[in-house]
>>> print(open('protein.txt').read())   # compact mmCIF, C-alpha atoms
# COMPACT_ATOMS: atom_id res chain seq x y z
CA MET A 19 0.00 0.00 0.00
CA PRO A 20 1.32 3.70 -0.93
CA PRO A 21 2.02 6.29 2.23
CA ALA A 22 0.78 9.91 2.42
CA ASP A 23 2.87 12.89 1.21
CA THR A 24 2.32 15.27 4.08
CA GLY A 25 4.99 17.89 3.47
CA ALA A 26 5.34 20.87 1.23
CA SER A 27 5.54 20.03 -2.44
CA VAL A 28 8.71 20.15 -4.49
CA THR A 29 7.29 23.23 -6.25
CA ASP A 30 6.80 24.97 -2.91
CA ARG A 31 10.40 24.23 -1.91
CA ALA A 32 11.71 25.40 -5.25
CA ALA A 33 9.78 28.67 -4.89
CA ALA A 34 11.49 29.24 -1.56
CA SER A 35 14.98 28.88 -3.08
CA PRO A 36 17.15 31.97 -3.43
CA GLN A 37 16.82 33.52 -6.88
CA SER A 38 19.56 35.15 -8.91
CA SER A 39 20.13 38.87 -8.56
CA PRO A 40 18.47 41.19 -11.09
CA ASP A 41 21.95 42.47 -11.94
CA SER A 42 23.10 39.01 -12.99
CA SER A 43 20.84 38.65 -16.03
CA THR A 44 23.63 37.09 -18.03
CA ALA A 45 24.42 34.49 -15.36
CA ALA A 46 22.68 31.13 -15.31
CA ALA A 47 19.99 30.72 -12.67
CA PRO A 48 21.10 28.51 -9.77
CA ASP A 49 20.03 24.88 -9.99
CA PRO A 50 17.21 24.44 -7.43
CA GLU A 51 18.18 20.76 -7.09
CA ALA A 52 21.87 21.36 -6.49
CA GLY A 53 23.01 19.31 -3.54
CA LYS A 54 20.06 16.90 -3.64
CA LEU A 55 20.62 13.16 -3.60
CA ARG A 56 20.89 11.31 -6.92
CA PRO A 57 21.59 7.71 -7.96
CA GLY A 58 25.31 7.05 -7.76
CA GLY A 59 25.89 10.17 -5.69
CA PRO A 60 27.04 10.26 -2.06
CA GLY A 61 24.32 9.35 0.39
CA TYR A 62 21.72 8.11 -2.11
CA ARG A 63 22.28 4.41 -1.50
CA ARG A 64 22.36 4.90 2.28
CA MET A 65 19.11 6.86 2.08
CA SER A 66 17.50 4.12 -0.04
CA PHE A 67 18.45 1.34 2.38
CA ALA A 68 17.37 3.45 5.36
CA LEU A 69 13.88 4.09 3.94
CA PHE A 70 13.58 0.46 2.87
CA ALA A 71 14.33 -0.63 6.45
CA ALA A 72 11.76 1.86 7.76
CA GLY A 73 9.14 0.50 5.37
CA VAL A 74 9.81 -3.09 6.41
CA ALA A 75 9.54 -2.25 10.11
CA THR A 76 6.38 -0.15 9.75
CA PHE A 77 4.21 -2.74 8.06
CA ALA A 78 5.70 -5.76 9.85
CA LEU A 79 4.68 -4.11 13.13
CA LEU A 80 1.35 -2.67 12.02
CA TYR A 81 -0.13 -6.06 11.08
CA SER A 82 2.02 -8.27 13.31
CA THR A 83 -0.95 -9.90 15.10
CA GLN A 84 -3.12 -10.48 12.02
CA ALA A 85 -1.82 -13.96 11.15
CA LEU A 86 -1.80 -14.88 14.87
CA LEU A 87 -5.44 -14.18 15.71
CA PRO A 88 -6.56 -17.84 15.93
CA ALA A 89 -3.65 -18.60 18.30
CA ILE A 90 -4.40 -15.49 20.41
CA SER A 91 -8.07 -16.47 20.64
CA ALA A 92 -7.21 -20.01 21.71
CA ASP A 93 -4.61 -18.97 24.30
CA LEU A 94 -6.52 -16.07 25.86
CA GLY A 95 -9.95 -17.65 25.49
CA VAL A 96 -11.45 -14.76 23.51
CA SER A 97 -13.72 -14.62 20.47
CA PRO A 98 -12.54 -13.62 16.96
CA ASP A 99 -14.22 -10.20 17.19
CA GLN A 100 -12.42 -9.50 20.49
CA ALA A 101 -9.02 -10.66 19.22
CA SER A 102 -9.43 -8.65 15.99
CA TRP A 103 -9.03 -5.45 17.99
CA THR A 104 -5.30 -6.23 18.32
CA VAL A 105 -5.14 -5.36 14.61
CA SER A 106 -7.83 -2.67 14.47
CA ALA A 107 -6.39 -0.76 17.44
CA ALA A 108 -3.06 -0.35 15.63
CA THR A 109 -4.57 0.78 12.32
CA PHE A 110 -7.02 3.09 14.10
CA GLY A 111 -4.14 4.59 16.10
CA LEU A 112 -2.27 5.24 12.86
CA ALA A 113 -5.37 6.85 11.34
CA LEU A 114 -5.66 9.18 14.34
CA GLY A 115 -1.98 10.09 14.34
CA VAL A 116 -1.14 10.67 10.67
CA ILE A 117 -2.66 14.17 10.31
CA PRO A 118 -1.38 15.78 13.55
CA LEU A 119 2.05 14.17 13.08
CA SER A 120 2.24 15.60 9.57
CA ALA A 121 2.04 19.05 11.22
CA VAL A 122 4.70 18.02 13.77
CA SER A 123 7.03 17.02 10.93
CA GLU A 124 6.71 20.51 9.44
CA ARG A 125 8.04 21.98 12.68
CA PHE A 126 10.68 19.50 13.86
CA GLY A 127 11.71 17.78 10.63
CA ARG A 128 10.85 14.58 8.76
CA ARG A 129 14.07 12.76 9.68
CA THR A 130 13.70 13.50 13.39
CA LEU A 131 10.08 12.38 13.45
CA MET A 132 10.82 9.15 11.58
CA MET A 133 13.67 8.25 13.94
CA TRP A 134 11.55 8.82 17.04
CA SER A 135 8.55 7.01 15.56
CA LEU A 136 10.58 3.91 14.75
CA ALA A 137 12.35 3.95 18.11
CA VAL A 138 9.11 4.20 20.12
CA ALA A 139 7.31 1.60 17.98
CA ALA A 140 10.24 -0.83 18.28
CA LEU A 141 10.40 -0.35 22.05
CA LEU A 142 6.67 -1.08 22.32
CA ALA A 143 7.16 -4.15 20.12
CA MET A 144 9.48 -5.60 22.77
CA LEU A 145 6.79 -5.07 25.42
CA VAL A 146 3.83 -6.43 23.42
CA PRO A 147 4.74 -10.17 23.83
CA PHE A 148 4.53 -9.79 27.63
CA ALA A 149 1.00 -8.31 27.68
CA PRO A 150 -0.78 -10.13 30.52
CA SER A 151 -4.28 -9.72 29.08
CA LEU A 152 -6.15 -8.90 25.91
CA GLY A 153 -6.96 -5.41 27.17
CA VAL A 154 -3.29 -4.56 27.76
CA LEU A 155 -2.35 -6.06 24.39
CA ILE A 156 -4.95 -3.91 22.59
CA ALA A 157 -3.82 -0.77 24.45
CA LEU A 158 -0.16 -1.34 23.56
CA ARG A 159 -1.09 -1.97 19.94
CA GLY A 160 -3.12 1.25 19.79
CA ILE A 161 -0.19 3.31 21.11
CA GLN A 162 2.11 1.51 18.69
CA GLY A 163 -0.16 2.52 15.80
CA VAL A 164 0.04 6.19 16.81
CA ALA A 165 3.84 5.93 16.95
CA LEU A 166 4.00 4.31 13.52
CA ALA A 167 1.95 7.18 12.02
CA GLY A 168 5.13 9.25 11.97
CA LEU A 169 6.44 7.23 9.02
CA PRO A 170 3.63 7.80 6.47
CA ALA A 171 3.37 11.36 7.83
CA SER A 172 7.00 12.11 6.91
CA ALA A 173 8.57 9.67 4.45
CA MET A 174 7.23 11.03 1.16
CA ALA A 175 7.93 14.62 2.17
CA PHE A 176 11.49 13.70 3.20
CA LEU A 177 12.15 12.08 -0.16
CA ALA A 178 10.60 14.96 -2.11
CA GLU A 179 12.85 17.43 -0.29
CA GLU A 180 16.12 15.47 -0.37
CA VAL A 181 16.08 13.54 -3.66
CA ARG A 182 16.34 14.93 -7.18
CA ALA A 183 13.04 14.91 -9.08
CA LYS A 184 14.24 12.46 -11.74
CA ALA A 185 15.23 9.92 -9.09
CA LEU A 186 12.17 10.44 -6.88
CA VAL A 187 9.98 7.71 -8.39
CA ALA A 188 12.69 5.09 -7.90
CA ALA A 189 13.31 6.20 -4.31
CA ILE A 190 9.60 6.10 -3.47
CA GLY A 191 9.30 2.71 -5.17
CA LEU A 192 11.95 1.24 -2.89
CA PHE A 193 10.16 2.58 0.20
CA VAL A 194 6.83 1.15 -0.99
CA ALA A 195 8.59 -2.15 -1.69
CA GLY A 196 9.73 -2.13 1.93
CA ASN A 197 6.10 -1.62 2.99
CA SER A 198 4.96 -4.58 0.92
CA ILE A 199 7.79 -6.89 1.98
CA GLY A 200 7.38 -5.91 5.62
CA GLY A 201 3.65 -6.56 5.57
CA MET A 202 4.06 -9.91 3.85
CA SER A 203 7.17 -11.20 5.63
CA GLY A 204 5.90 -10.15 9.05
CA ARG A 205 2.81 -12.30 8.63
CA ILE A 206 4.74 -15.25 7.20
CA VAL A 207 7.41 -15.18 9.91
CA THR A 208 4.89 -14.90 12.72
CA GLY A 209 2.89 -17.81 11.31
CA TRP A 210 5.81 -20.23 11.32
CA VAL A 211 7.32 -19.04 14.61
CA ALA A 212 3.91 -19.30 16.29
CA GLN A 213 3.50 -22.86 15.05
CA ALA A 214 6.80 -23.83 16.72
CA TRP A 215 6.91 -21.67 19.87
CA GLY A 216 3.60 -19.82 20.25
CA TRP A 217 2.22 -16.39 19.36
CA ARG A 218 4.20 -14.51 22.02
CA ALA A 219 7.48 -15.76 20.57
CA ALA A 220 6.24 -14.76 17.12
CA LEU A 221 5.58 -11.19 18.27
CA ALA A 222 8.99 -11.12 19.93
CA ALA A 223 10.57 -12.11 16.60
CA VAL A 224 8.83 -9.19 14.87
CA GLY A 225 10.02 -6.94 17.69
CA VAL A 226 13.65 -7.98 17.14
CA LEU A 227 13.21 -7.32 13.40
CA ALA A 228 11.84 -3.85 14.19
CA VAL A 229 14.77 -3.03 16.49
CA VAL A 230 17.26 -4.08 13.81
CA CYS A 231 15.44 -1.95 11.22
CA ALA A 232 15.27 1.05 13.57
CA VAL A 233 19.02 0.85 14.28
CA ALA A 234 19.77 0.47 10.57
CA PHE A 235 17.62 3.49 9.77
CA ARG A 236 19.36 5.62 12.41
CA LEU A 237 22.82 4.66 11.16
CA LEU A 238 22.09 4.98 7.44
CA VAL A 239 19.67 7.87 6.96
CA PRO A 240 21.53 11.03 5.80
CA LYS A 241 20.98 14.39 7.42
CA ALA A 242 18.23 16.55 5.97
CA ARG A 243 19.80 19.40 3.99
CA HIS A 244 16.75 20.97 2.38
CA PHE A 245 14.17 20.96 5.16
CA VAL A 246 12.77 24.38 6.11
CA SER A 247 11.00 24.44 9.47
CA ARG A 248 7.59 26.09 9.62
CA SER A 249 4.77 26.02 12.11
CA VAL A 250 1.36 24.73 11.12
CA GLY A 251 -1.14 25.99 13.66
CA PRO A 252 -4.31 24.08 14.56
CA ARG A 253 -6.54 26.71 12.96
CA ALA A 254 -4.62 26.76 9.69
CA LEU A 255 -4.59 22.96 9.60
CA ALA A 256 -8.33 22.82 10.33
CA ARG A 257 -9.05 25.30 7.52
CA THR A 258 -7.00 23.26 5.07
CA LEU A 259 -8.67 20.00 6.04
CA GLY A 260 -12.10 21.65 5.92
CA SER A 261 -11.51 22.91 2.39
CA HIS A 262 -10.63 19.39 1.22
CA LEU A 263 -13.62 17.83 2.95
CA ALA A 264 -15.88 20.43 1.30
CA ASP A 265 -14.84 19.12 -2.14
CA PRO A 266 -17.44 16.51 -3.27
CA LEU A 267 -14.98 14.65 -5.50
CA LEU A 268 -12.39 14.33 -2.75
CA ARG A 269 -15.07 13.09 -0.35
CA ARG A 270 -16.03 10.39 -2.85
CA LEU A 271 -12.41 9.33 -3.26
CA TYR A 272 -11.91 9.13 0.50
CA ALA A 273 -15.05 6.99 0.80
CA ILE A 274 -13.95 4.67 -2.02
CA GLY A 275 -10.50 4.18 -0.46
CA GLY A 276 -12.07 3.45 2.93
CA LEU A 277 -14.57 0.96 1.45
CA PHE A 278 -11.91 -0.97 -0.46
CA MET A 279 -9.81 -1.17 2.71
CA THR A 280 -12.87 -2.34 4.68
CA VAL A 281 -12.98 -5.43 2.46
CA PHE A 282 -9.24 -6.00 2.68
CA GLY A 283 -9.16 -5.56 6.45
CA ALA A 284 -12.13 -7.87 6.97
CA VAL A 285 -10.86 -10.67 4.74
CA TYR A 286 -7.28 -10.79 5.97
CA THR A 287 -8.24 -10.41 9.62
CA VAL A 288 -10.66 -13.35 9.50
CA ILE A 289 -9.21 -15.67 6.86
CA GLY A 290 -6.88 -17.32 9.41
CA TYR A 291 -9.88 -18.47 11.50
CA ARG A 292 -11.50 -19.96 8.40
CA LEU A 293 -8.41 -21.85 7.28
CA VAL A 294 -7.43 -23.37 10.65
CA SER A 295 -10.93 -24.78 11.17
CA GLU A 296 -13.11 -27.27 9.28
CA PRO A 297 -13.03 -28.25 6.46
CA PHE A 298 -9.43 -27.05 5.92
CA ASN A 299 -7.61 -27.61 9.24
CA LEU A 300 -4.42 -25.97 7.97
CA PRO A 301 -1.47 -25.52 10.38
CA GLN A 302 -0.54 -22.00 11.56
CA GLY A 303 2.62 -21.86 9.43
CA ILE A 304 0.72 -22.59 6.22
CA VAL A 305 -1.92 -20.00 7.10
CA GLY A 306 0.79 -17.39 7.60
CA SER A 307 2.28 -18.27 4.23
CA ILE A 308 -1.04 -17.47 2.54
CA PHE A 309 -0.02 -13.82 2.79
CA VAL A 310 2.49 -14.35 -0.02
CA VAL A 311 -0.42 -13.43 -2.30
CA TYR A 312 0.40 -9.83 -1.35
CA LEU A 313 2.87 -10.00 -4.23
CA VAL A 314 -0.14 -9.93 -6.54
CA GLY A 315 -0.87 -6.45 -5.19
CA THR A 316 2.52 -5.20 -6.35
CA VAL A 317 1.70 -6.28 -9.90
CA SER A 318 -1.87 -4.92 -9.93
CA SER A 319 -0.77 -1.58 -8.45
CA ALA A 320 1.81 -1.19 -11.21
CA ALA A 321 -0.75 -2.17 -13.86
CA ALA A 322 -3.35 0.31 -12.62
CA GLY A 323 -1.81 3.16 -14.63
CA LYS A 324 -2.11 1.23 -17.91
CA LEU A 325 -5.65 0.20 -16.99
CA VAL A 326 -6.65 3.82 -16.41
CA ALA A 327 -5.14 4.79 -19.77
CA ARG A 328 -7.37 2.23 -21.48
CA VAL A 329 -10.71 2.49 -19.67
CA GLY A 330 -10.46 5.68 -17.62
CA ARG A 331 -10.44 6.10 -13.85
CA ARG A 332 -14.08 5.21 -13.32
CA GLY A 333 -13.77 2.22 -15.65
CA ALA A 334 -10.76 1.01 -13.66
CA LEU A 335 -12.75 1.36 -10.44
CA TYR A 336 -15.62 -0.70 -11.87
CA LEU A 337 -13.16 -3.45 -12.84
CA ALA A 338 -11.55 -3.33 -9.38
CA VAL A 339 -14.95 -3.65 -7.72
CA GLY A 340 -15.91 -6.55 -10.00
CA THR A 341 -12.61 -8.37 -9.43
CA THR A 342 -12.82 -7.97 -5.66
CA SER A 343 -16.47 -9.09 -5.54
CA THR A 344 -15.74 -12.16 -7.67
CA GLY A 345 -12.91 -13.06 -5.32
CA LEU A 346 -15.21 -12.74 -2.29
CA LEU A 347 -17.71 -15.15 -3.82
CA LEU A 348 -14.96 -17.66 -4.67
CA THR A 349 -13.84 -17.80 -1.03
CA LEU A 350 -17.22 -19.31 -0.10
CA SER A 351 -16.03 -22.59 -1.64
CA ALA A 352 -14.87 -25.50 0.52
CA SER A 353 -11.87 -25.99 -1.79
CA VAL A 354 -8.48 -24.61 -0.72
CA GLY A 355 -7.66 -23.90 -4.37
CA ALA A 356 -10.82 -21.86 -4.85
CA VAL A 357 -10.22 -19.92 -1.63
CA LEU A 358 -6.66 -19.15 -2.72
CA ALA A 359 -7.90 -18.01 -6.14
CA GLY A 360 -10.45 -15.82 -4.39
CA LEU A 361 -7.77 -14.24 -2.22
CA ILE A 362 -5.68 -13.51 -5.31
CA LEU A 363 -8.62 -11.74 -6.99
CA ILE A 364 -9.47 -9.81 -3.81
CA THR A 365 -5.86 -8.68 -3.45
CA ALA A 366 -5.54 -7.70 -7.11
CA GLY A 367 -8.83 -5.80 -7.07
CA PHE A 368 -8.08 -4.04 -3.82
CA PHE A 369 -4.63 -2.81 -4.80
CA ALA A 370 -5.88 -1.65 -8.22
CA GLY A 371 -8.78 0.27 -6.64
CA HIS A 372 -6.52 1.76 -3.99
CA ALA A 373 -3.95 2.84 -6.59
CA VAL A 374 -6.61 4.57 -8.70
CA ALA A 375 -8.32 6.30 -5.74
CA SER A 376 -5.11 7.46 -4.03
CA SER A 377 -3.56 8.82 -7.23
CA SER A 378 -6.81 10.63 -8.03
CA VAL A 379 -6.59 12.49 -4.71
CA SER A 380 -3.29 14.15 -5.65
CA ARG A 381 -4.66 14.88 -9.13
CA THR A 382 -7.86 16.44 -7.76
CA ALA A 383 -6.43 18.59 -4.95
CA LYS A 384 -5.18 21.87 -6.40
CA THR A 385 -3.66 23.18 -3.15
CA ALA A 386 -2.26 21.60 0.03
CA ARG A 387 -1.93 18.21 -1.62
CA ALA A 388 -0.02 16.99 1.42
CA GLN A 389 -3.00 17.30 3.72
CA ALA A 390 -5.34 15.95 1.02
CA SER A 391 -3.23 12.79 0.92
CA ALA A 392 -3.13 12.62 4.72
CA LEU A 393 -6.93 12.68 4.80
CA TYR A 394 -6.97 9.78 2.35
CA GLN A 395 -4.58 7.85 4.59
CA CYS A 396 -6.86 8.56 7.53
CA ALA A 397 -9.94 7.24 5.68
CA TYR A 398 -7.91 4.28 4.43
CA TYR A 399 -6.84 3.13 7.89
CA VAL A 400 -10.24 3.84 9.45
CA GLY A 401 -11.58 1.47 6.77
CA SER A 402 -8.99 -1.11 7.80
CA SER A 403 -9.97 -0.78 11.46
CA LEU A 404 -13.70 -1.05 10.78
CA GLY A 405 -13.22 -3.88 8.33
CA GLY A 406 -11.20 -5.92 10.81
CA ALA A 407 -13.61 -5.34 13.70
CA LEU A 408 -16.87 -5.73 11.76
CA GLY A 409 -15.57 -8.62 9.66
CA ALA A 410 -14.59 -10.55 12.79
CA ALA A 411 -17.90 -9.74 14.46
CA ALA A 412 -19.79 -11.01 11.39
CA PHE A 413 -17.66 -14.18 11.37
CA HIS A 414 -18.31 -14.75 15.06
CA ALA A 415 -22.05 -14.29 14.56
CA VAL A 416 -22.79 -16.20 11.34
CA GLY A 417 -19.49 -17.55 9.99
CA TRP A 418 -17.46 -16.75 6.89
CA GLU A 419 -20.62 -15.98 4.93
CA GLY A 420 -21.16 -12.96 7.17
CA THR A 421 -17.67 -11.63 6.42
CA VAL A 422 -18.24 -12.08 2.69
CA LEU A 423 -21.59 -10.29 2.93
CA LEU A 424 -19.92 -7.35 4.66
CA GLY A 425 -17.32 -7.22 1.88
CA LEU A 426 -19.95 -7.33 -0.86
CA ALA A 427 -21.88 -4.52 0.85
CA ALA A 428 -18.71 -2.38 0.90
CA MET A 429 -18.12 -3.07 -2.80
CA LEU A 430 -21.74 -2.19 -3.56
CA GLY A 431 -21.10 1.13 -1.81
CA ALA A 432 -17.95 1.76 -3.88
CA ALA A 433 -19.78 0.86 -7.10
CA SER A 434 -22.70 3.15 -6.21
CA ILE A 435 -20.36 6.10 -5.57
CA THR A 436 -18.58 5.46 -8.87
CA LEU A 437 -21.91 5.15 -10.71
CA TYR A 438 -23.07 8.45 -9.25
CA ALA A 439 -19.85 10.09 -10.45
CA THR A 440 -20.30 8.54 -13.91
CA ARG A 441 -23.88 9.82 -14.26
CA LYS A 442 -22.82 13.24 -13.01
CA ALA A 443 -19.99 13.41 -15.56
CA VAL A 444 -22.32 12.32 -18.39
CA ALA A 445 -24.88 14.96 -17.40
CA GLU A 446 -22.19 17.65 -17.32
CA ARG A 447 -20.88 16.67 -20.76
CA ARG A 448 -24.40 16.68 -22.18
CA LEU A 449 -25.07 20.13 -20.76
CA LEU A 450 -21.77 21.42 -22.15
CA HIS A 451 -22.66 19.99 -25.58
CA LEU A 452 -26.06 21.69 -25.54
CA GLU A 453 -24.49 25.01 -24.54
CA LYS A 454 -22.03 24.78 -27.44
CA ALA A 455 -24.83 23.90 -29.86
CA ALA A 456 -27.01 26.84 -28.73
>>> encode(input="protein.txt", output="structure tokens")
Amino acid sequence: MPPADTGASVTDRAAASPQSSPDSSTAAAPDPEAGKLRPGGPGYRRMSFALFAAGVATFALLYSTQALLPAISADLGVSPDQASWTVSAATFGLALGVIPLSAVSERFGRRTLMMWSLAVAALLAMLVPFAPSLGVLIALRGIQGVALAGLPASAMAFLAEEVRAKALVAAIGLFVAGNSIGGMSGRIVTGWVAQAWGWRAALAAVGVLAVVCAVAFRLLVPKARHFVSRSVGPRALARTLGSHLADPLLRRLYAIGGLFMTVFGAVYTVIGYRLVSEPFNLPQGIVGSIFVVYLVGTVSSAAAGKLVARVGRRGALYLAVGTTSTGLLLTLSASVGAVLAGLILITAGFFAGHAVASSSVSRTAKTARAQASALYQCAYYVGSSLGGALGAAAFHAVGWEGTVLLGLAAMLGAASITLYATRKAVAERRLLHLEKAA
């Protein structure tokens, strides 16, 4: 999944650069990117590895309990809907923290915030395995989510400020790759470790990974050379957020992102319970390995741009909704192969829909794109939290069919919003045609 750009844009930074003197009309204007990191230059490789490590740690920690929920339920004697809050608390904490921490990064610096966020999250990760009760575990996970919010609140802005524009896409790609690998490997590692030594040992293993990544980030990340501190007051931030929320198109995009993530959160929070029970009875390690299908998301995210070029943004959203819904229906089968195929379709559809919606936010927002993206991240992780909690509650009440029904309802909502936008666009084009003909 891609993180929010919550800092000033490259254009804003360039505008703040010193300009040449009026008396030096014959001299070349100074290069606004002079001194920025570039491939092959000093510091670029260190920066790349540092951000990759940060990405791995962030998503390994954020979803560290997801593959372990059946084991947590069995050990603590709690229901799936209760155990699911160990995931939802972390994602909800991140959703709450990403906007205010984006303002903090403007004042104290992206690098500083990322270092502290990783350090606090890693420290909490070493405490989480010793939680004596479900309530304490959920509380620690919620605080950990708030701490982790510093990464998506700062990473894109840090790269935009410190890396040359031509190398920015590659640098961001490596960070996103770290997100994907961290999310996938964290679930796979915890599944196999839990099978051998229990869920607490599995969480401890993720904690050790996070500490290693935090130390690597601190040692490798170069100093920020182009950051300009500025204060973002609560009133100014509220006005900016209010202006974005007043835009009907942005509201629709936020809702679509949240609805797609509701499906994803519900399915991947509950799928472990379905696969360890009848008729599958799969061991914990195999269940954790199911998350390798995340790699499908990397492919579908990359293909989303070509899909939009062929069928348009709304057409791509319809296809994403259809793919995700087909996958949900396939998972109702009692065949492991059909369930796996369903998960592949759900993952492909989700990542395609997310890629289209999130990119449309930056395209739609004409000012303060940083905060527009932060609002999308907030809606995205609220969707994850609600999906995990409601999906587990539906599973506990009526079984897997209830989780699938919740997912289909969310996709119906996304399709309805897209249909409304399509009809509105058609009506506007028709009116424009009539005005030209008059």
>>> closest_residue(input="protein.txt", among="A:Leu346, A:Ala433, A:Ala228, A:Ala392", to="Ala71 in chain A", atoms="all atoms listed in the file")
A:Ala228
>>> closest_residue(input="protein.txt", among="A:Ile364, A:Val374, A:Leu277, A:Val317", to="Gly330 in chain A", atoms="all atoms listed in the file")
A:Val374
>>> residues_around(input="protein.txt", residues="Gly204 in chain A", least_positions_apart="5", cutoff="10 Å", atoms="only C-alpha atoms", output="list in words")
Val74, Ala75, Phe77, Ala78, Leu79, Leu80, Tyr81, Ser82, Thr83, Gln84, Ala85, Ser198, Ile199, Gly209, Ala220, Leu221, Ala223, Val224, Leu227, Gly306 and Phe309 of chain A
>>> closest_residue(input="protein.txt", among="A:Thr440, A:Ser97, A:Ser391, A:Thr130", to="Leu268 in chain A", atoms="only C-alpha atoms")
A:Ser391
>>> closest_residue(input="protein.txt", among="A:Val250, A:Ala322, A:Leu263, A:Val400", to="Gly283 in chain A", atoms="only C-alpha atoms")
A:Val400
>>> closest_residue(input="protein.txt", among="A:Gly303, A:Gly406, A:Gly168, A:Gly216", to="Ser135 in chain A", atoms="all atoms listed in the file")
A:Gly168
>>> closest_residue(input="protein.txt", among="A:Ala173, A:Ala234, A:Ala386, A:Ala373", to="Gly127 in chain A", atoms="only C-alpha atoms")
A:Ala173
>>> residues_around(input="protein.txt", residues="Asp99 in chain A", least_positions_apart="5", cutoff="7 Å", atoms="all atoms listed in the file", output="ChimeraX atom specification")
/A:407,410-411,414
>>> atom_distance(input="protein.txt", atom1="CA of Ser378 in chain A", atom2="CA of Leu424 in chain A")
25.6 Å
>>> atom_distance(input="protein.txt", atom1="CA of Gln213 in chain A", atom2="CA of Phe369 in chain A")
29.4 Å
>>> atom_distance(input="protein.txt", atom1="CA of Ala113 in chain A", atom2="CA of Tyr312 in chain A")
21.7 Å
>>> residues_around(input="protein.txt", residues="Lys241 in chain A", least_positions_apart="2", cutoff="8 Å", atoms="only C-alpha atoms", output="list of chain:residue names")
A:Arg129, A:Val239, A:Arg243
>>> residues_around(input="protein.txt", residues="Gly251 in chain A", least_positions_apart="4", cutoff="12 Å", atoms="only C-alpha atoms", output="ChimeraX atom specification")
/A:118,120-122,124-125,255-258
>>> residues_around(input="protein.txt", residues="Leu267 in chain A", least_positions_apart="4", cutoff="10 Å", atoms="all atoms listed in the file", output="list in words")
His262, Leu263, Leu271, Tyr272, Ala273, Ser378, Val379, Thr382, Ala383 and Ala439 of chain A
>>> build_atoms(input="protein.txt", residues="range 158-168 of chain A", atoms="N, CA, C and O atoms", output="mmCIF file, in the coordinates of the input")
data_model
loop_
_atom_site.group_PDB
_atom_site.id
_atom_site.type_symbol
_atom_site.label_atom_id
_atom_site.label_comp_id
_atom_site.auth_asym_id
_atom_site.auth_seq_id
_atom_site.Cartn_x
_atom_site.Cartn_y
_atom_site.Cartn_z
ATOM 1 N N LEU A 158 -1.530 -1.489 24.085
ATOM 2 C CA LEU A 158 -0.160 -1.340 23.560
ATOM 3 C C LEU A 158 -0.161 -1.233 22.041
ATOM 4 O O LEU A 158 0.582 -0.443 21.460
ATOM 5 N N ARG A 159 -1.023 -2.009 21.393
ATOM 6 C CA ARG A 159 -1.090 -1.970 19.940
ATOM 7 C C ARG A 159 -1.639 -0.621 19.446
ATOM 8 O O ARG A 159 -1.193 -0.098 18.420
ATOM 9 N N GLY A 160 -2.593 -0.047 20.172
ATOM 10 C CA GLY A 160 -3.120 1.250 19.790
ATOM 11 C C GLY A 160 -2.052 2.340 19.866
ATOM 12 O O GLY A 160 -1.911 3.166 18.957
ATOM 13 N N ILE A 161 -1.281 2.331 20.958
ATOM 14 C CA ILE A 161 -0.190 3.310 21.110
ATOM 15 C C ILE A 161 0.866 3.096 20.035
ATOM 16 O O ILE A 161 1.426 4.046 19.476
ATOM 17 N N GLN A 162 1.133 1.832 19.728
ATOM 18 C CA GLN A 162 2.110 1.510 18.690
ATOM 19 C C GLN A 162 1.661 2.058 17.331
ATOM 20 O O GLN A 162 2.475 2.567 16.549
ATOM 21 N N GLY A 163 0.363 1.982 17.047
ATOM 22 C CA GLY A 163 -0.160 2.520 15.800
ATOM 23 C C GLY A 163 0.048 4.023 15.692
ATOM 24 O O GLY A 163 0.422 4.541 14.628
ATOM 25 N N VAL A 164 -0.191 4.739 16.804
ATOM 26 C CA VAL A 164 0.040 6.190 16.810
ATOM 27 C C VAL A 164 1.514 6.485 16.537
ATOM 28 O O VAL A 164 1.853 7.397 15.765
ATOM 29 N N ALA A 165 2.403 5.722 17.167
ATOM 30 C CA ALA A 165 3.840 5.930 16.950
ATOM 31 C C ALA A 165 4.220 5.692 15.497
ATOM 32 O O ALA A 165 4.985 6.459 14.896
ATOM 33 N N LEU A 166 3.667 4.644 14.902
ATOM 34 C CA LEU A 166 4.000 4.310 13.520
ATOM 35 C C LEU A 166 3.491 5.356 12.528
ATOM 36 O O LEU A 166 3.988 5.438 11.402
ATOM 37 N N ALA A 167 2.511 6.159 12.922
ATOM 38 C CA ALA A 167 1.950 7.180 12.020
ATOM 39 C C ALA A 167 3.000 8.189 11.590
ATOM 40 O O ALA A 167 2.831 8.863 10.565
ATOM 41 N N GLY A 168 4.075 8.313 12.349
ATOM 42 C CA GLY A 168 5.130 9.250 11.970
ATOM 43 C C GLY A 168 5.816 8.898 10.667
ATOM 44 O O GLY A 168 6.370 9.779 9.998
#
